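Following: one structure in structure tokens, then a few remarks.
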Amino acid sequence: MRTFRPVIRFHHKATENVQPHCWKCGKVHPSASPVLCSDCQTIQPVSPSVDYYDLLLEGQERGFDVDPKALRLKFLTLQQKAHPDSYSQASKQEHGFAQMQSSTLNKAYNTLKDPLARAKYLLEHEGVEVGESDSLDDPALLMEVMEIREELDEASTEEEVQQVKQINDEKYAETVRKLSNAFAKNDLSLAKKYMVQLQYWESIRHAILEWSP
């Protein structure tokens, strides 16, 4: 008997039926996560339902793959407009809004530019539980991770560390590709599996950066 697997379509719950208004002129925002009013250009408070994709990748279909150049350009453009220093002579309320927007923009950018953080964000906003206690369920892969970590622990020269780094970087890139394919197929269960795997390769990346002879 064939097992039926429902197809999960991506749609961000935070953006459903949300029509925020400008606190100053009352105009309805076309975006659910506005930084400035599109009409009077007044700084806006951070929306309770702020969506990082809507904030920094407006107009792009939500998915795991992002254009890093477009992401950074949008971030820098908005950060310049919302920087608190630009509101030093404004009202206390507007300066406070600018501080919140600037902080949110930084958090959104750091989340979306990083494959692991981006995967977690997508999964969590699709209702998939992601916890620190999630572990590998593949014994062979876990053994491979432990062997690479052991090689790093036993490394005594920069050359040996670079060899470990090359292996880990390849594993990291391969897992990111698998994550991309899983999200493209809307297979959230598989995406979570690869996200957990990526956590292990990311942990080794950090250990390599902290290595010293």
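Each chain in the structure tokens gets a letter, A, B, ..., in the order shown, and its residues are numbered from 1; ligands are numbered from 1 in order too.
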Inset, instruction - Write down as a VMD selection string the residues of segment 10-141 of chain A whose backbone DSSP state falls under helix (DSSP H, G or I). - result: chain A and resid 13 to 15 52 to 56 68 to 82 84 to 87 92 to 113 115 to 124 139 to 141
Inset, instruction - Taking the DSSP assignment computed from this structure's backbone, write out as a PyMOL selection string all residues of chain A that belong to strand (DSSP E or B). - result: chain A and resi 21+28+36+43
So that I have them on file, write out the residues from the current selection with N, CA, C and O atoms, as a PDB file, in the first residue's frame.
ATOM      1  N   HIS A  21      -0.481  50.243   9.489  1.00  0.00           N
ATOM      2  CA  HIS A  21      -0.658  51.622   9.062  1.00  0.00           C
ATOM      3  C   HIS A  21       0.481  52.484   9.592  1.00  0.00           C
ATOM      4  O   HIS A  21       1.063  52.187  10.634  1.00  0.00           O
ATOM      5  N   VAL A  28      -1.784  52.945   4.710  1.00  0.00           N
ATOM      6  CA  VAL A  28      -1.608  51.506   4.825  1.00  0.00           C
ATOM      7  C   VAL A  28      -0.293  51.123   4.142  1.00  0.00           C
ATOM      8  O   VAL A  28      -0.043  51.503   3.005  1.00  0.00           O
ATOM      9  N   LEU A  36      10.243  52.405   6.773  1.00  0.00           N
ATOM     10  CA  LEU A  36       9.776  53.778   6.601  1.00  0.00           C
ATOM     11  C   LEU A  36       8.390  53.763   5.969  1.00  0.00           C
ATOM     12  O   LEU A  36       8.045  52.825   5.236  1.00  0.00           O
ATOM     13  N   ILE A  43       9.995  57.126  10.007  1.00  0.00           N
ATOM     14  CA  ILE A  43      10.441  55.859  10.568  1.00  0.00           C
ATOM     15  C   ILE A  43       9.285  55.172  11.289  1.00  0.00           C
ATOM     16  O   ILE A  43       8.493  55.830  11.972  1.00  0.00           O
TER      17      ILE A  43
END
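If you look at atom CA of Glu132 of chain A and atom CA of Ala108 of chain A, they are 20.4 Å away from each other.
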Legend entry - Nearest residue to Thr42 of chain A from the set A:Ile167, A:Ala82, A:Leu141, A:Leu56 (distances using only C-alpha atoms): A:Ala82
Produce a table with one row for each residue of segment 27-109 of chain A that has an atom at most 8 Å from any atom of segment 113-131 of chain A, each row naming the nearest atom pair and its distance in Å at one decimal; use only C-alpha atoms; arrange rows by chain and rising residue number; format as JSON lines.
{"residue": "A:Gly63", "atom": "CA", "partner": "A:Leu122", "partner_atom": "CA", "distance": 7.9}
{"residue": "A:Phe64", "atom": "CA", "partner": "A:Ala119", "partner_atom": "CA", "distance": 6.7}
{"residue": "A:Val66", "atom": "CA", "partner": "A:Lys113", "partner_atom": "CA", "distance": 8.0}
{"residue": "A:Pro68", "atom": "CA", "partner": "A:Lys113", "partner_atom": "CA", "distance": 6.6}
{"residue": "A:Leu71", "atom": "CA", "partner": "A:Lys113", "partner_atom": "CA", "distance": 7.6}
{"residue": "A:Tyr109", "atom": "CA", "partner": "A:Lys113", "partner_atom": "CA", "distance": 5.9}
Written file, previous selection with N, CA and C atoms, as a compact mmCIF listing (two decimals), in the first residue's frame:
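The resulting file, part.txt, is reproduced below:
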# COMPACT_ATOMS: atom_id res chain seq x y z
N GLY A 63 12.31 31.26 0.15
CA GLY A 63 12.93 29.95 -0.01
C GLY A 63 14.31 29.97 0.62
N PHE A 64 14.96 28.83 0.60
CA PHE A 64 16.26 28.73 1.25
C PHE A 64 17.34 29.50 0.49
N VAL A 66 19.15 32.39 -1.40
CA VAL A 66 19.06 33.84 -1.46
C VAL A 66 20.25 34.39 -2.25
N PRO A 68 23.14 36.68 -2.08
CA PRO A 68 23.88 37.39 -1.02
C PRO A 68 24.17 38.85 -1.35
N LEU A 71 20.92 40.78 -0.97
CA LEU A 71 20.62 40.83 0.47
C LEU A 71 21.45 41.91 1.15
N TYR A 109 19.59 40.42 8.88
CA TYR A 109 20.69 40.21 7.94
C TYR A 109 21.58 39.05 8.37
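Look at Tyr194 of chain A: the protein and nucleic acid residues within 9 Å of it, using only C-alpha atoms and passing over chain neighbours fewer than 6 places away, are Thr175, Val176, Lys178, Leu179 and Ala182 of chain A.
Counting only C-alpha atoms, segment 151-165 of chain A has the following residues at most 8 Å away, ignoring those fewer than 3 positions along the same chain: Glu147, Ile148, Asn168, Asp169, Arg205, Ile208 and Pro213 of chain A.
Distance annotation: of A:Lys24, A:Met100, A:Ser180, A:Lys193, the residue with the minimal separation from Asp138 of chain A is A:Lys193; atom set is only C-alpha atoms.
Picture a line from atom CA of Cys40 of chain A to atom CA of Cys25 of chain A; it runs 6.9 Å.
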Legend entry - Separation of atom CA of Gly96 of chain A from atom CA of Asp39 of chain A in Å: 20.5 Å
Legend entry - Within 12 Å of Leu142 of chain A using only C-alpha atoms, minus same-chain residues under 5 positions, as a count of residues only: 12
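Distances here use only C-alpha atoms; by that measure, the residue among A:Glu94, A:Glu170, A:Glu202, A:Asp134 closest to Val46 of chain A is A:Glu94.
Those residues that approach Ser47 of chain A to within 12 Å, counting only C-alpha atoms, are Ala14, Thr15, Val18, Gln19, Pro20, His21, Cys22, Trp23, His29, Ser31, Ala32, Ser33, Pro34, Val35, Leu36, Tyr52, Asp54, Leu55, Phe97, Met100, Gln101 and Thr104 of chain A; same-chain residues fewer than 5 positions away are not listed.
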